[in-house]
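Step one of this worksheet: look at the structure below.
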Amino acid sequence: MNRAHPPYAVLNPAGAEVEPVTTYLRDLALGDSSPLTCRSYGYGMLRWFRLLWLLGIGWERATESEVAVLTGWLRSAGNPQRQRHRADAPVAGMVNLRTGKASLGAGYAPRTINHALTVISGFYEFHAHEGRGPVVSPVPHSAQRRRALGHRSPLEPTPMVGRARLRQRVPDRPPRSIPDRLWDELFTAMNCDRDRALLELFVSSGARAEELLGITVGDIDWSGQRIYVITKGTRAREAVPVSPQGLFRLALYLDAAGTPAGGEPVWRARRGPDRPLTYWAMRRVMQRANTLLGTNWSLHDLRHTAAYRMANGGKLTLPEVQTIMRHADIQTTNRYLSVHIEELFDKLTEHYSTPRPARHYPAGYAAADIKAVFGG
């Protein structure tokens, strides 16, 4: 679409815009939500309205029963984005023995289901504020949770409160970083200066994939050993430090590939016409390396690796790591202090091989007395 407010629209089967959704998305766009947020909410509303069209129910008459139907369908249906077309693709949900990470499941994740309920809840709250739609939102909510989280300080731990009805339990999995041995293998699997430079900058800056892929020549401060990225969420231009080795790799890449025109992203596609390297193209680079190594690392695991190394290296304090990673809540940074099971293998091996200590009793006691008191 050529308009900005909203940048996306939901169409009904006849090809006309669904006006209640358009006004909702327009309110999101005017509230400074990013276009990607509007796109995500648009898909959530399309899923909801398709259900209502199938059931023959107007959106104003929807009740909790229809929300329960949607939740049940999301819990049982297959996710078309998770379809595996290769014969050697891993089984959905199976744990990779090299990385310890589980592959994506075949269905919709609990976070996806909760996000769908949040989108619908926001839609009805917006129209209730405008004086349209039902008086009570069809999406159940937890009054206890709203009271507990309404005025919580970011420095306080999140209180344990009950979930609202239909909300899914989300497992709290610690972030997975790449161990040094597997990192060396992954780095070796990169077959060009561009990919090696990207990996080096990923793990030294902690930048997200979209942030790093969008930098231009003007965003590189060679003398200050930092780059400027557009931060996700705030969309502010912020500086992040990078290692000298990362800048050296970047210089090798630019020397071989040439410096792009002003304002153009630094990272370029290697094949076809000259164009920026996209997220999906870099994701494909990681997929090819995973196939070669038998792993299942993702681009975001590189950010986890950077945070884990900084938090456990002993040189930076936790608030300093929070500043570099640009975490809004220090509790998010605190998650990287967890111990990985791979680090305990040597200690566990020593523990298992240690013989059980023999019992010793002070001299002067008869053996029969010791047996009677302590057993044979």
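Every chain in the structure tokens takes a letter, A first, then B, and so on in the order presented; its residues are numbered from 1, and the ligands are numbered from 1 following the presented order.
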Identify, on the basis of only C-alpha atoms, every residue whose closest approach to A:Met45 does not exceed 9 Å; exclude the query and any residue fewer than 5 positions from it along the same chain; express the result as a CSV table (one decimal) with C-alpha atoms, in the first residue's frame.
chain,number,residue,atom,x,y,z
A,10,VAL,CA,-7.1,-6.6,5.9
A,21,VAL,CA,-9.6,-3.5,11.4
A,40,SER,CA,1.9,-8.6,12.6
A,50,ARG,CA,-11.6,-15.6,8.9
A,116,ALA,CA,-3.0,-13.8,18.8
A,119,VAL,CA,-4.1,-8.7,19.2
A,120,ILE,CA,-7.8,-9.5,19.5
A,123,PHE,CA,-8.8,-4.7,18.9
- Message: At a cut-off of 6 Å, using only C-alpha atoms, what residues contact stretch 172-186 of chain A? Leave out same-chain residues fewer than 4 positions from it and give the result as an MDAnalysis selection string.
- Response: chainID A and resid 301 304:305
- Query: Skipping near chain neighbours, those fewer than 6 positions away, what residues fall within 12 Å of A:Gly262 using only C-alpha atoms, listed as a VMD selection string?
  - Reply: chain A and resid 215 to 219
Filtering to N, CA and C atoms, could you give me those residues as a PDB file, in the first residue's frame?
ATOM      1  N   ILE A 215      23.614  -1.351   8.330  1.00  0.00           N
ATOM      2  CA  ILE A 215      24.591  -0.274   8.491  1.00  0.00           C
ATOM      3  C   ILE A 215      25.157   0.155   7.138  1.00  0.00           C
ATOM      4  N   THR A 216      25.516   1.427   7.048  1.00  0.00           N
ATOM      5  CA  THR A 216      26.142   1.986   5.853  1.00  0.00           C
ATOM      6  C   THR A 216      27.597   2.364   6.179  1.00  0.00           C
ATOM      7  N   VAL A 217      28.315   2.820   5.169  1.00  0.00           N
ATOM      8  CA  VAL A 217      29.705   3.232   5.394  1.00  0.00           C
ATOM      9  C   VAL A 217      29.766   4.368   6.410  1.00  0.00           C
ATOM     10  N   GLY A 218      28.808   5.266   6.385  1.00  0.00           N
ATOM     11  CA  GLY A 218      28.792   6.379   7.334  1.00  0.00           C
ATOM     12  C   GLY A 218      28.503   5.966   8.758  1.00  0.00           C
ATOM     13  N   ASP A 219      28.056   4.721   8.974  1.00  0.00           N
ATOM     14  CA  ASP A 219      27.765   4.239  10.324  1.00  0.00           C
ATOM     15  C   ASP A 219      28.978   3.599  10.985  1.00  0.00           C
TER      16      ASP A 219
END
- Task: Write out as a PyMOL selection string all residues of stretch 126-259 of chain A that backbone DSSP assigns to alpha helix (DSSP H).
- Result: chain A and resi 126-129+143-149+180-189+193-205+209-213+244-257
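Taking atom CA of A:Pro157 and atom CA of A:Gln331 as the two end points, the separation is 7.5 Å.
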- Query: By how many Å are atom CA of A:Ala106 and atom CA of A:Trp73 apart?
  - Reply: 13.5 Å
- Test item: residues at most 12 Å from A:Phe126, only C-alpha atoms, excluding those fewer than 3 positions along its chain, as a VMD selection string: chain A and resid 20 to 28 119 to 123 129 to 137
Create the file for the chosen residues now, containing N, CA, C and O atoms and written as a PDB file, in the first residue's frame.
ATOM      1  N   PRO A  20     -13.405  -1.961  10.417  1.00  0.00           N
ATOM      2  CA  PRO A  20     -13.037  -1.958  11.835  1.00  0.00           C
ATOM      3  C   PRO A  20     -11.558  -2.276  12.062  1.00  0.00           C
ATOM      4  O   PRO A  20     -10.937  -1.720  12.968  1.00  0.00           O
ATOM      5  N   VAL A  21     -11.009  -3.147  11.226  1.00  0.00           N
ATOM      6  CA  VAL A  21      -9.584  -3.479  11.371  1.00  0.00           C
ATOM      7  C   VAL A  21      -8.722  -2.314  10.888  1.00  0.00           C
ATOM      8  O   VAL A  21      -7.693  -1.997  11.484  1.00  0.00           O
ATOM      9  N   THR A  22      -9.143  -1.654   9.805  1.00  0.00           N
ATOM     10  CA  THR A  22      -8.372  -0.526   9.286  1.00  0.00           C
ATOM     11  C   THR A  22      -8.267   0.592  10.319  1.00  0.00           C
ATOM     12  O   THR A  22      -7.190   1.176  10.507  1.00  0.00           O
ATOM     13  N   THR A  23      -9.371   0.902  10.999  1.00  0.00           N
ATOM     14  CA  THR A  23      -9.318   1.955  12.019  1.00  0.00           C
ATOM     15  C   THR A  23      -8.426   1.544  13.187  1.00  0.00           C
ATOM     16  O   THR A  23      -7.719   2.389  13.765  1.00  0.00           O
ATOM     17  N   TYR A  24      -8.435   0.260  13.524  1.00  0.00           N
ATOM     18  CA  TYR A  24      -7.577  -0.233  14.609  1.00  0.00           C
ATOM     19  C   TYR A  24      -6.102  -0.136  14.226  1.00  0.00           C
ATOM     20  O   TYR A  24      -5.275   0.358  15.001  1.00  0.00           O
ATOM     21  N   LEU A  25      -5.768  -0.574  13.020  1.00  0.00           N
ATOM     22  CA  LEU A  25      -4.381  -0.502  12.566  1.00  0.00           C
ATOM     23  C   LEU A  25      -3.931   0.949  12.390  1.00  0.00           C
ATOM     24  O   LEU A  25      -2.757   1.275  12.626  1.00  0.00           O
ATOM     25  N   ARG A  26      -4.855   1.823  11.984  1.00  0.00           N
ATOM     26  CA  ARG A  26      -4.499   3.234  11.862  1.00  0.00           C
ATOM     27  C   ARG A  26      -4.145   3.818  13.228  1.00  0.00           C
ATOM     28  O   ARG A  26      -3.195   4.605  13.355  1.00  0.00           O
ATOM     29  N   ASP A  27      -4.886   3.422  14.248  1.00  0.00           N
ATOM     30  CA  ASP A  27      -4.584   3.903  15.589  1.00  0.00           C
ATOM     31  C   ASP A  27      -3.212   3.411  16.043  1.00  0.00           C
ATOM     32  O   ASP A  27      -2.465   4.158  16.685  1.00  0.00           O
ATOM     33  N   LEU A  28      -2.865   2.172  15.706  1.00  0.00           N
ATOM     34  CA  LEU A  28      -1.538   1.655  16.042  1.00  0.00           C
ATOM     35  C   LEU A  28      -0.452   2.453  15.334  1.00  0.00           C
ATOM     36  O   LEU A  28       0.565   2.817  15.934  1.00  0.00           O
ATOM     37  N   VAL A 119      -3.653  -9.516  20.369  1.00  0.00           N
ATOM     38  CA  VAL A 119      -4.109  -8.708  19.234  1.00  0.00           C
ATOM     39  C   VAL A 119      -5.626  -8.533  19.283  1.00  0.00           C
ATOM     40  O   VAL A 119      -6.150  -7.418  19.116  1.00  0.00           O
ATOM     41  N   ILE A 120      -6.343  -9.619  19.510  1.00  0.00           N
ATOM     42  CA  ILE A 120      -7.811  -9.546  19.545  1.00  0.00           C
ATOM     43  C   ILE A 120      -8.273  -8.705  20.733  1.00  0.00           C
ATOM     44  O   ILE A 120      -9.198  -7.893  20.613  1.00  0.00           O
ATOM     45  N   SER A 121      -7.616  -8.877  21.874  1.00  0.00           N
ATOM     46  CA  SER A 121      -7.978  -8.087  23.053  1.00  0.00           C
ATOM     47  C   SER A 121      -7.780  -6.598  22.794  1.00  0.00           C
ATOM     48  O   SER A 121      -8.641  -5.774  23.131  1.00  0.00           O
ATOM     49  N   GLY A 122      -6.657  -6.242  22.177  1.00  0.00           N
ATOM     50  CA  GLY A 122      -6.414  -4.832  21.870  1.00  0.00           C
ATOM     51  C   GLY A 122      -7.424  -4.274  20.886  1.00  0.00           C
ATOM     52  O   GLY A 122      -7.833  -3.107  20.988  1.00  0.00           O
ATOM     53  N   PHE A 123      -7.841  -5.098  19.923  1.00  0.00           N
ATOM     54  CA  PHE A 123      -8.844  -4.674  18.942  1.00  0.00           C
ATOM     55  C   PHE A 123     -10.157  -4.305  19.633  1.00  0.00           C
ATOM     56  O   PHE A 123     -10.749  -3.247  19.354  1.00  0.00           O
ATOM     57  N   HIS A 129     -13.337   1.728  23.584  1.00  0.00           N
ATOM     58  CA  HIS A 129     -12.995   3.121  23.870  1.00  0.00           C
ATOM     59  C   HIS A 129     -13.683   4.074  22.898  1.00  0.00           C
ATOM     60  O   HIS A 129     -14.073   5.191  23.284  1.00  0.00           O
ATOM     61  N   GLU A 130     -13.864   3.630  21.655  1.00  0.00           N
ATOM     62  CA  GLU A 130     -14.523   4.457  20.650  1.00  0.00           C
ATOM     63  C   GLU A 130     -16.042   4.355  20.713  1.00  0.00           C
ATOM     64  O   GLU A 130     -16.732   5.005  19.929  1.00  0.00           O
ATOM     65  N   GLY A 131     -16.553   3.527  21.629  1.00  0.00           N
ATOM     66  CA  GLY A 131     -18.007   3.391  21.775  1.00  0.00           C
ATOM     67  C   GLY A 131     -18.627   2.422  20.793  1.00  0.00           C
ATOM     68  O   GLY A 131     -19.833   2.506  20.519  1.00  0.00           O
ATOM     69  N   ARG A 132     -17.832   1.496  20.275  1.00  0.00           N
ATOM     70  CA  ARG A 132     -18.358   0.498  19.335  1.00  0.00           C
ATOM     71  C   ARG A 132     -18.064  -0.892  19.871  1.00  0.00           C
ATOM     72  O   ARG A 132     -17.215  -1.086  20.731  1.00  0.00           O
ATOM     73  N   GLY A 133     -18.783  -1.873  19.313  1.00  0.00           N
ATOM     74  CA  GLY A 133     -18.517  -3.253  19.672  1.00  0.00           C
ATOM     75  C   GLY A 133     -19.123  -3.633  21.009  1.00  0.00           C
ATOM     76  O   GLY A 133     -19.855  -2.855  21.637  1.00  0.00           O
ATOM     77  N   PRO A 134     -18.808  -4.855  21.496  1.00  0.00           N
ATOM     78  CA  PRO A 134     -19.375  -5.312  22.770  1.00  0.00           C
ATOM     79  C   PRO A 134     -18.815  -4.528  23.946  1.00  0.00           C
ATOM     80  O   PRO A 134     -17.712  -3.970  23.886  1.00  0.00           O
ATOM     81  N   VAL A 135     -19.576  -4.499  25.017  1.00  0.00           N
ATOM     82  CA  VAL A 135     -19.154  -3.778  26.220  1.00  0.00           C
ATOM     83  C   VAL A 135     -17.971  -4.479  26.874  1.00  0.00           C
ATOM     84  O   VAL A 135     -17.037  -3.844  27.363  1.00  0.00           O
ATOM     85  N   VAL A 136     -18.007  -5.811  26.866  1.00  0.00           N
ATOM     86  CA  VAL A 136     -16.950  -6.614  27.490  1.00  0.00           C
ATOM     87  C   VAL A 136     -16.178  -7.326  26.393  1.00  0.00           C
ATOM     88  O   VAL A 136     -16.772  -7.917  25.485  1.00  0.00           O
ATOM     89  N   SER A 137     -14.858  -7.276  26.476  1.00  0.00           N
ATOM     90  CA  SER A 137     -14.026  -7.960  25.486  1.00  0.00           C
ATOM     91  C   SER A 137     -14.238  -9.465  25.563  1.00  0.00           C
ATOM     92  O   SER A 137     -14.323 -10.035  26.668  1.00  0.00           O
TER      93      SER A 137
END
- Item | Test item: residues at most 9 Å from A:Ala257, only C-alpha atoms, excluding those fewer than 6 positions along its chain, as a PyMOL selection string | chain A and resi 194+268+270
Those selected residues, please, written with all heavy atoms and delivered as a PDB file, in the first residue's frame.
ATOM      1  N   ARG A 194      32.996 -11.690   3.474  1.00  0.00           N
ATOM      2  CA  ARG A 194      31.776 -11.027   3.946  1.00  0.00           C
ATOM      3  C   ARG A 194      31.162 -11.780   5.112  1.00  0.00           C
ATOM      4  O   ARG A 194      30.828 -11.184   6.148  1.00  0.00           O
ATOM      5  CB  ARG A 194      30.768 -10.950   2.793  1.00  0.00           C
ATOM      6  CG  ARG A 194      29.476 -10.239   3.155  1.00  0.00           C
ATOM      7  CD  ARG A 194      28.365 -10.612   2.179  1.00  0.00           C
ATOM      8  NE  ARG A 194      28.010 -12.032   2.285  1.00  0.00           N
ATOM      9  CZ  ARG A 194      27.159 -12.663   1.467  1.00  0.00           C
ATOM     10  NH1 ARG A 194      26.606 -11.983   0.468  1.00  0.00           N
ATOM     11  NH2 ARG A 194      26.878 -13.946   1.636  1.00  0.00           N
ATOM     12  N   ARG A 268      26.531  -6.612   0.767  1.00  0.00           N
ATOM     13  CA  ARG A 268      25.945  -6.763  -0.562  1.00  0.00           C
ATOM     14  C   ARG A 268      25.832  -8.245  -0.911  1.00  0.00           C
ATOM     15  O   ARG A 268      26.606  -9.090  -0.432  1.00  0.00           O
ATOM     16  CB  ARG A 268      26.801  -6.068  -1.625  1.00  0.00           C
ATOM     17  CG  ARG A 268      27.312  -4.689  -1.257  1.00  0.00           C
ATOM     18  CD  ARG A 268      26.200  -3.711  -0.987  1.00  0.00           C
ATOM     19  NE  ARG A 268      25.409  -3.425  -2.185  1.00  0.00           N
ATOM     20  CZ  ARG A 268      24.365  -2.596  -2.187  1.00  0.00           C
ATOM     21  NH1 ARG A 268      23.987  -1.996  -1.053  1.00  0.00           N
ATOM     22  NH2 ARG A 268      23.703  -2.369  -3.308  1.00  0.00           N
ATOM     23  N   ARG A 270      26.305 -11.493  -3.167  1.00  0.00           N
ATOM     24  CA  ARG A 270      27.475 -11.900  -3.962  1.00  0.00           C
ATOM     25  C   ARG A 270      27.087 -12.346  -5.357  1.00  0.00           C
ATOM     26  O   ARG A 270      27.940 -12.370  -6.251  1.00  0.00           O
ATOM     27  CB  ARG A 270      28.207 -13.030  -3.248  1.00  0.00           C
ATOM     28  CG  ARG A 270      28.778 -12.660  -1.884  1.00  0.00           C
ATOM     29  CD  ARG A 270      29.416 -13.861  -1.223  1.00  0.00           C
ATOM     30  NE  ARG A 270      30.532 -14.370  -2.039  1.00  0.00           N
ATOM     31  CZ  ARG A 270      30.949 -15.625  -2.003  1.00  0.00           C
ATOM     32  NH1 ARG A 270      30.334 -16.508  -1.238  1.00  0.00           N
ATOM     33  NH2 ARG A 270      31.972 -16.011  -2.742  1.00  0.00           N
TER      34      ARG A 270
END
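Here atom CA of A:Glu264 stands at a distance of 28.5 Å from atom CA of A:Ala307.
Minimum atom-to-atom distances from A:Thr63, A:Thr118, A:Ser243, A:Thr112 to A:Asn79 were compared using only C-alpha atoms, and the lowest value belongs to A:Thr112.
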